[in-house]
$ cat data-v4.cif   # mmCIF, C-alpha atoms and all ligand atoms
data_final
loop_
_atom_site.label_atom_id
_atom_site.label_comp_id
_atom_site.auth_asym_id
_atom_site.auth_seq_id
_atom_site.Cartn_x
_atom_site.Cartn_y
_atom_site.Cartn_z
CA MET U 258 2.84 4.39 -6.19
CA ARG U 259 2.07 0.80 -5.42
CA LEU U 260 -0.95 -0.72 -7.18
CA HIS U 261 -2.58 -3.79 -5.66
CA VAL U 262 -5.36 -5.46 -7.67
CA VAL U 263 -7.02 -7.97 -5.36
CA ASP U 264 -7.32 -11.23 -7.22
CA HIS U 265 -9.92 -13.36 -5.42
CA PRO U 266 -13.01 -15.22 -6.67
CA LEU U 267 -15.27 -13.59 -4.06
CA VAL U 268 -14.07 -10.15 -5.12
CA ALA U 269 -14.71 -11.00 -8.79
CA HIS U 270 -18.16 -12.40 -7.97
CA LYS U 271 -19.28 -9.34 -6.01
CA LEU U 272 -17.82 -6.96 -8.57
CA THR U 273 -19.69 -8.69 -11.39
CA THR U 274 -23.00 -8.21 -9.58
CA LEU U 275 -22.14 -4.56 -8.88
CA ARG U 276 -21.47 -4.02 -12.58
CA ASP U 277 -24.79 -5.58 -13.62
CA GLN U 278 -27.26 -2.80 -14.39
CA ARG U 279 -30.12 -4.96 -13.08
CA THR U 280 -28.69 -4.82 -9.53
CA ASP U 281 -30.91 -2.54 -7.41
CA SER U 282 -29.62 0.06 -4.95
CA ALA U 283 -30.20 -2.01 -1.83
CA THR U 284 -28.26 -4.96 -3.24
CA PHE U 285 -25.60 -2.61 -4.64
CA ARG U 286 -25.05 -1.05 -1.21
CA ARG U 287 -24.78 -4.41 0.50
CA LEU U 288 -22.37 -5.83 -2.07
CA ALA U 289 -20.24 -2.67 -2.12
CA ASP U 290 -20.02 -2.95 1.66
CA GLU U 291 -18.93 -6.59 1.46
CA LEU U 292 -16.47 -5.86 -1.32
CA VAL U 293 -14.87 -3.04 0.67
CA THR U 294 -14.34 -5.39 3.59
CA LEU U 295 -12.51 -7.82 1.33
CA LEU U 296 -10.40 -4.99 -0.10
CA ALA U 297 -9.82 -3.66 3.42
CA TYR U 298 -8.32 -6.99 4.41
CA GLU U 299 -5.64 -6.52 1.75
CA ALA U 300 -5.32 -2.76 2.24
CA THR U 301 -4.49 -3.23 5.93
CA ARG U 302 -1.80 -5.83 5.35
CA ASP U 303 0.83 -3.31 6.52
CA VAL U 304 -1.19 -1.72 9.31
CA ARG U 305 1.14 -1.04 12.22
CA THR U 306 0.93 -3.23 15.28
CA GLU U 307 2.73 -3.42 18.58
CA ALA U 308 3.56 -6.43 20.70
CA VAL U 309 1.50 -7.04 23.83
CA ASP U 310 1.66 -9.59 26.63
CA ILE U 311 -1.59 -11.31 27.51
CA GLN U 312 -2.83 -14.09 29.69
CA THR U 313 -5.02 -16.74 28.04
CA PRO U 314 -7.11 -19.02 30.28
CA VAL U 315 -4.18 -21.43 29.98
CA ALA U 316 -0.90 -19.51 29.84
CA ARG U 317 0.86 -16.22 29.35
CA THR U 318 1.70 -15.40 25.75
CA THR U 319 2.48 -12.50 23.47
CA GLY U 320 0.40 -11.14 20.63
CA VAL U 321 -0.14 -7.89 18.76
CA LYS U 322 -2.56 -5.00 18.89
CA LEU U 323 -2.99 -2.11 16.49
CA ALA U 324 -0.37 0.51 17.29
CA ARG U 325 -1.02 4.13 18.21
CA PRO U 326 -1.63 6.62 16.76
CA ARG U 327 -4.85 5.03 15.50
CA PRO U 328 -5.27 4.69 11.73
CA LEU U 329 -7.42 7.36 10.10
CA VAL U 330 -10.12 6.42 7.56
CA VAL U 331 -11.18 9.22 5.21
CA PRO U 332 -14.15 8.71 2.89
CA ILE U 333 -14.38 11.24 0.07
CA LEU U 334 -17.91 12.66 -0.01
CA ARG U 335 -20.35 11.65 -1.26
CA ALA U 336 -19.81 8.19 -2.75
CA GLY U 337 -16.92 7.28 -0.42
CA LEU U 338 -19.43 7.27 2.45
CA GLY U 339 -20.88 4.07 1.01
CA MET U 340 -17.53 2.41 1.74
CA LEU U 341 -17.10 3.55 5.34
CA ASP U 342 -18.92 0.77 7.20
CA GLY U 343 -17.15 -1.94 5.20
CA MET U 344 -13.78 -0.43 6.10
CA VAL U 345 -14.30 0.28 9.79
CA ARG U 346 -15.73 -3.20 10.27
CA LEU U 347 -12.11 -4.39 10.09
CA LEU U 348 -10.66 -1.31 11.80
CA PRO U 349 -13.19 -0.54 14.53
CA THR U 350 -10.70 1.55 16.51
CA ALA U 351 -9.84 3.78 13.55
CA GLU U 352 -10.59 7.47 13.68
CA VAL U 353 -12.79 8.75 10.84
CA GLY U 354 -12.23 12.01 8.96
CA PHE U 355 -14.15 13.43 6.00
CA LEU U 356 -13.10 15.17 2.82
CA GLY U 357 -15.50 16.84 0.40
CA MET U 358 -13.94 17.38 -3.02
CA ILE U 359 -15.43 19.36 -5.87
CA ARG U 360 -14.27 19.77 -9.45
CA ASN U 361 -14.17 23.18 -11.09
CA GLU U 362 -15.85 22.48 -14.43
CA GLU U 363 -13.78 25.17 -16.21
CA THR U 364 -10.30 24.32 -14.97
CA LEU U 365 -11.20 20.66 -14.23
CA GLU U 366 -9.11 21.02 -11.05
CA ALA U 367 -10.44 19.29 -7.96
CA SER U 368 -10.38 21.22 -4.71
CA THR U 369 -11.51 20.69 -1.12
CA TYR U 370 -14.88 22.19 -0.12
CA ALA U 371 -15.15 20.48 3.26
CA SER U 372 -12.72 18.76 5.54
CA ARG U 373 -13.07 17.36 8.99
CA MET U 374 -9.97 15.63 10.24
CA PRO U 375 -6.99 16.17 12.52
CA GLU U 376 -4.67 19.04 11.49
CA ASP U 377 -1.58 16.95 12.12
CA LEU U 378 -1.44 13.60 10.37
CA SER U 379 2.25 12.92 10.90
CA GLY U 380 2.89 9.33 11.86
CA ARG U 381 -0.68 8.32 10.98
CA GLN U 382 -1.62 5.60 8.53
CA VAL U 383 -4.42 7.00 6.41
CA TYR U 384 -6.95 5.03 4.33
CA VAL U 385 -8.81 7.09 1.72
CA LEU U 386 -12.08 5.73 0.35
CA ASP U 387 -13.49 6.59 -3.08
CA PRO U 388 -15.33 3.99 -5.16
CA MET U 389 -14.11 5.06 -8.60
CA LEU U 390 -10.57 6.05 -9.59
CA ALA U 391 -11.63 7.57 -12.92
CA THR U 392 -9.65 10.65 -14.07
CA GLY U 393 -7.56 10.58 -10.89
CA GLY U 394 -8.06 14.31 -10.27
CA THR U 395 -10.10 13.94 -7.09
CA LEU U 396 -7.90 11.28 -5.57
CA VAL U 397 -4.70 13.22 -6.29
CA ALA U 398 -6.17 16.39 -4.74
CA ALA U 399 -7.40 14.45 -1.70
CA ILE U 400 -4.05 12.75 -1.15
CA ARG U 401 -2.23 16.10 -1.54
CA GLU U 402 -4.46 17.50 1.20
CA LEU U 403 -3.48 14.60 3.47
CA ILE U 404 0.22 14.97 2.67
CA LYS U 405 -0.02 18.71 3.40
CA ARG U 406 -1.13 17.73 6.90
CA GLY U 407 1.88 15.47 7.33
CA ALA U 408 0.54 12.06 6.25
CA ASP U 409 3.36 9.89 4.99
CA ASP U 410 1.59 6.57 4.59
CA VAL U 411 -1.57 6.74 2.47
CA THR U 412 -3.58 3.85 1.06
CA ALA U 413 -6.47 4.53 -1.31
CA VAL U 414 -9.19 1.88 -1.41
CA VAL U 415 -11.22 2.05 -4.64
CA LEU U 416 -13.71 -0.43 -6.03
CA LEU U 417 -12.66 0.15 -9.63
CA ALA U 418 -9.88 2.01 -11.40
CA SER U 419 -9.22 3.16 -14.95
CA PRO U 420 -5.76 2.80 -16.46
CA GLU U 421 -5.82 6.56 -17.14
CA GLY U 422 -6.56 7.33 -13.48
CA VAL U 423 -3.84 5.00 -12.26
CA ALA U 424 -1.35 6.72 -14.61
CA VAL U 425 -2.37 10.17 -13.30
CA VAL U 426 -1.90 9.13 -9.66
CA GLU U 427 1.43 7.58 -10.56
CA ARG U 428 2.63 10.71 -12.36
CA GLU U 429 1.23 13.36 -10.02
CA LEU U 430 2.22 11.63 -6.80
CA ALA U 431 5.55 10.24 -7.95
CA GLY U 432 7.86 9.79 -5.00
CA THR U 433 5.06 9.79 -2.40
CA PRO U 434 4.34 6.65 -0.41
CA VAL U 435 0.88 5.88 -1.81
CA THR U 436 -0.75 2.49 -2.32
CA VAL U 437 -3.91 1.97 -4.39
CA VAL U 438 -5.94 -1.15 -3.62
CA THR U 439 -8.70 -2.03 -6.07
CA ALA U 440 -10.87 -4.92 -7.24
CA ALA U 441 -10.01 -4.29 -10.91
CA VAL U 442 -8.40 -1.95 -13.41
CA ASP U 443 -10.87 -1.67 -16.28
CA ASP U 444 -10.36 -1.09 -19.98
CA HIS U 445 -10.52 2.68 -20.37
CA LEU U 446 -12.19 5.96 -19.47
CA ASN U 447 -14.76 7.24 -21.98
CA GLU U 448 -15.25 10.84 -23.10
CA GLN U 449 -17.86 11.44 -20.41
CA GLY U 450 -15.37 10.37 -17.74
CA TYR U 451 -17.01 7.00 -17.07
CA ILE U 452 -14.95 3.89 -16.51
CA VAL U 453 -15.61 1.27 -19.23
CA PRO U 454 -17.06 -1.29 -18.73
CA GLY U 455 -17.30 0.05 -15.16
CA LEU U 456 -20.48 0.05 -13.13
CA GLY U 457 -21.98 3.43 -13.99
CA ASP U 458 -22.28 6.30 -11.53
CA ALA U 459 -21.33 4.83 -8.17
CA GLY U 460 -23.04 7.60 -6.18
CA ASP U 461 -26.30 7.19 -8.07
CA ARG U 462 -26.19 3.43 -7.77
CA LEU U 463 -25.47 3.59 -4.04
CA TYR U 464 -28.00 6.26 -3.20
CA GLY U 465 -30.39 6.24 -6.17
CA SER U 466 -33.88 4.86 -5.88
CA ALA U 467 -33.50 2.28 -8.68
N1 LIG W 1 -17.47 8.11 -11.25
C1 LIG W 1 -18.40 7.15 -11.28
O1 LIG W 1 -19.26 7.08 -10.40
N2 LIG W 1 -18.38 6.26 -12.28
C2 LIG W 1 -17.45 6.28 -13.26
O2 LIG W 1 -17.46 5.43 -14.15
C3 LIG W 1 -16.47 7.30 -13.21
C4 LIG W 1 -16.51 8.20 -12.19
#

$ encode --input "data-v4.cif" --output "structure tokens" --more "lines below"
Ligand code: URA
Amino acid sequence: MRLHVVDHPLVAHKLTTLRDQRTDSATFRRLADELVTLLAYEATRDVRTEAVDIQTPVARTTGVKLARPRPLVVPILRAGLGMLDGMVRLLPTAEVGFLGMIRNEETLEASTYASRMPEDLSGRQVYVLDPMLATGGTLVAAIRELIKRGADDVTAVVLLASPEGVAVVERELAGTPVTVVTAAVDDHLNEQGYIVPGLGDAGDRLYGSA
């Protein structure tokens, strides 16, 4: 697993405001959207392109366009939806799939309750969106689902990660070509499963009425 923590003053600035409990939902949504776009810029550094010939008003030249098959962007419901617009702003031609993951509170295993995406993901670059990499269970289960469908190039874009979650993804997906792009790896995960210092419940802060 490759971990990429995006070190940029604009990322740090937006993340600080997201963390602040005084930030209301409307501002939180807007800043999360902007932050995702900054993370998306880094997450797509290896997006595949192909050479094309074009004619400018002045001369013929060569350039690049995104290669086919189109990248697939997969937000994990529900909080990952709050990251979709920020991601597809940079990848407007991407196809969008959806994954709903639920955790069994007895076994603590995450499983898929809804999925809407192509059956065959071989040769596709896939970008998974989930704001918080906390225990890692959901992300590991989601990425396993993608790999089962043939994905061999998966990048997870998360706003924040815990060291425990990163370690779980590293251990459980050892040997799979997975990159995690995040704005920060925080101090630890508390007993309630919250990232500390974190930003609280991302879903509530995105969609709550505060
Ligand atoms: N999910 C959240 O929304 N916040 C956390 O801190 C951990 C998991």

$ atom_distance --input "data-v4.cif" --atom1 "CA of Glu352 in chain U" --atom2 "CA of Thr439 in chain U"
22.0 Å

$ closest_atom_pairs --input "data-v4.cif" --of "chain U" --to "ligand LIG 1 (chain W)" --cutoff "12 Å" --atoms "all atoms listed in the file" --output "CSV"
residue,atom,partner,partner_atom,distance
U:Leu275,CA,W:LIG1,N2,11.9
U:Arg276,CA,W:LIG1,O2,10.4
U:Leu334,CA,W:LIG1,O1,11.9
U:Arg335,CA,W:LIG1,O1,10.3
U:Ala336,CA,W:LIG1,O1,7.7
U:Gly337,CA,W:LIG1,O1,10.3
U:Gly339,CA,W:LIG1,O1,11.9
U:Asp387,CA,W:LIG1,N1,9.2
U:Pro388,CA,W:LIG1,O1,7.2
U:Met389,CA,W:LIG1,N1,5.3
U:Leu390,CA,W:LIG1,C4,6.8
U:Ala391,CA,W:LIG1,C3,4.9
U:Thr392,CA,W:LIG1,C4,7.5
U:Gly393,CA,W:LIG1,C4,9.4
U:Gly394,CA,W:LIG1,C4,10.6
U:Thr395,CA,W:LIG1,C4,10.0
U:Leu396,CA,W:LIG1,C4,11.3
U:Val415,CA,W:LIG1,N1,10.9
U:Leu416,CA,W:LIG1,N2,10.3
U:Leu417,CA,W:LIG1,O2,8.4
U:Ala418,CA,W:LIG1,C3,8.6
U:Ser419,CA,W:LIG1,C3,8.5
U:Glu421,CA,W:LIG1,C3,11.4
U:Gly422,CA,W:LIG1,C3,9.9
U:Val442,CA,W:LIG1,O2,11.7
U:Asp443,CA,W:LIG1,O2,9.9
U:Asp444,CA,W:LIG1,O2,11.3
U:His445,CA,W:LIG1,O2,9.7
U:Leu446,CA,W:LIG1,O2,7.5
U:Asn447,CA,W:LIG1,O2,8.5
U:Glu448,CA,W:LIG1,C3,10.6
U:Gln449,CA,W:LIG1,C3,8.4
U:Gly450,CA,W:LIG1,C3,5.6
U:Tyr451,CA,W:LIG1,O2,3.3
U:Ile452,CA,W:LIG1,O2,3.8
U:Val453,CA,W:LIG1,O2,6.8
U:Pro454,CA,W:LIG1,O2,8.1
U:Gly455,CA,W:LIG1,O2,5.5
U:Leu456,CA,W:LIG1,O2,6.3
U:Gly457,CA,W:LIG1,N2,4.9
U:Asp458,CA,W:LIG1,O1,3.3
U:Ala459,CA,W:LIG1,O1,3.8
U:Gly460,CA,W:LIG1,O1,5.7
U:Asp461,CA,W:LIG1,O1,7.4
U:Arg462,CA,W:LIG1,O1,8.3
U:Leu463,CA,W:LIG1,O1,9.5
U:Tyr464,CA,W:LIG1,O1,11.4
U:Gly465,CA,W:LIG1,O1,11.9

$ closest_residue --input "data-v4.cif" --among "U:Met374, U:Leu292, U:Val435, U:Ala297" --to "Val345 in chain U" --atoms "all atoms listed in the file"
U:Ala297

$ atom_distance --input "data-v4.cif" --atom1 "CA of Thr350 in chain U" --atom2 "CA of Thr284 in chain U"
27.2 Å

$ atom_distance --input "data-v4.cif" --atom1 "CA of Asp303 in chain U" --atom2 "CA of Pro420 in chain U"
24.7 Å

$ residues_near_point --input "data-v4.cif" --point "(-19.4, 13.0, 7.4)" --cutoff "8 Å" --atoms "all atoms listed in the file" --output "list in words"
Leu334, Leu338, Gly354, Phe355 and Arg373 of chain U

$ closest_residue --input "data-v4.cif" --among "U:Ala367, U:Val263, U:Ala408, U:Ile333" --to "Leu386 in chain U" --atoms "only C-alpha atoms"
U:Ile333

$ residues_around --input "data-v4.cif" --residues "Val293 in chain U" --least-positions-apart "3" --cutoff "8 Å" --atoms "only C-alpha atoms" --output "mmCIF file with C-alpha atoms, in the frame of the given file"
data_model
loop_
_atom_site.group_PDB
_atom_site.id
_atom_site.type_symbol
_atom_site.label_atom_id
_atom_site.label_comp_id
_atom_site.auth_asym_id
_atom_site.auth_seq_id
_atom_site.Cartn_x
_atom_site.Cartn_y
_atom_site.Cartn_z
ATOM 1 C CA ALA U 289 -20.240 -2.670 -2.120
ATOM 2 C CA ASP U 290 -20.020 -2.950 1.660
ATOM 3 C CA LEU U 296 -10.400 -4.990 -0.100
ATOM 4 C CA ALA U 297 -9.820 -3.660 3.420
ATOM 5 C CA MET U 340 -17.530 2.410 1.740
ATOM 6 C CA GLY U 343 -17.150 -1.940 5.200
ATOM 7 C CA MET U 344 -13.780 -0.430 6.100
ATOM 8 C CA VAL U 414 -9.190 1.880 -1.410
ATOM 9 C CA LEU U 416 -13.710 -0.430 -6.030
#
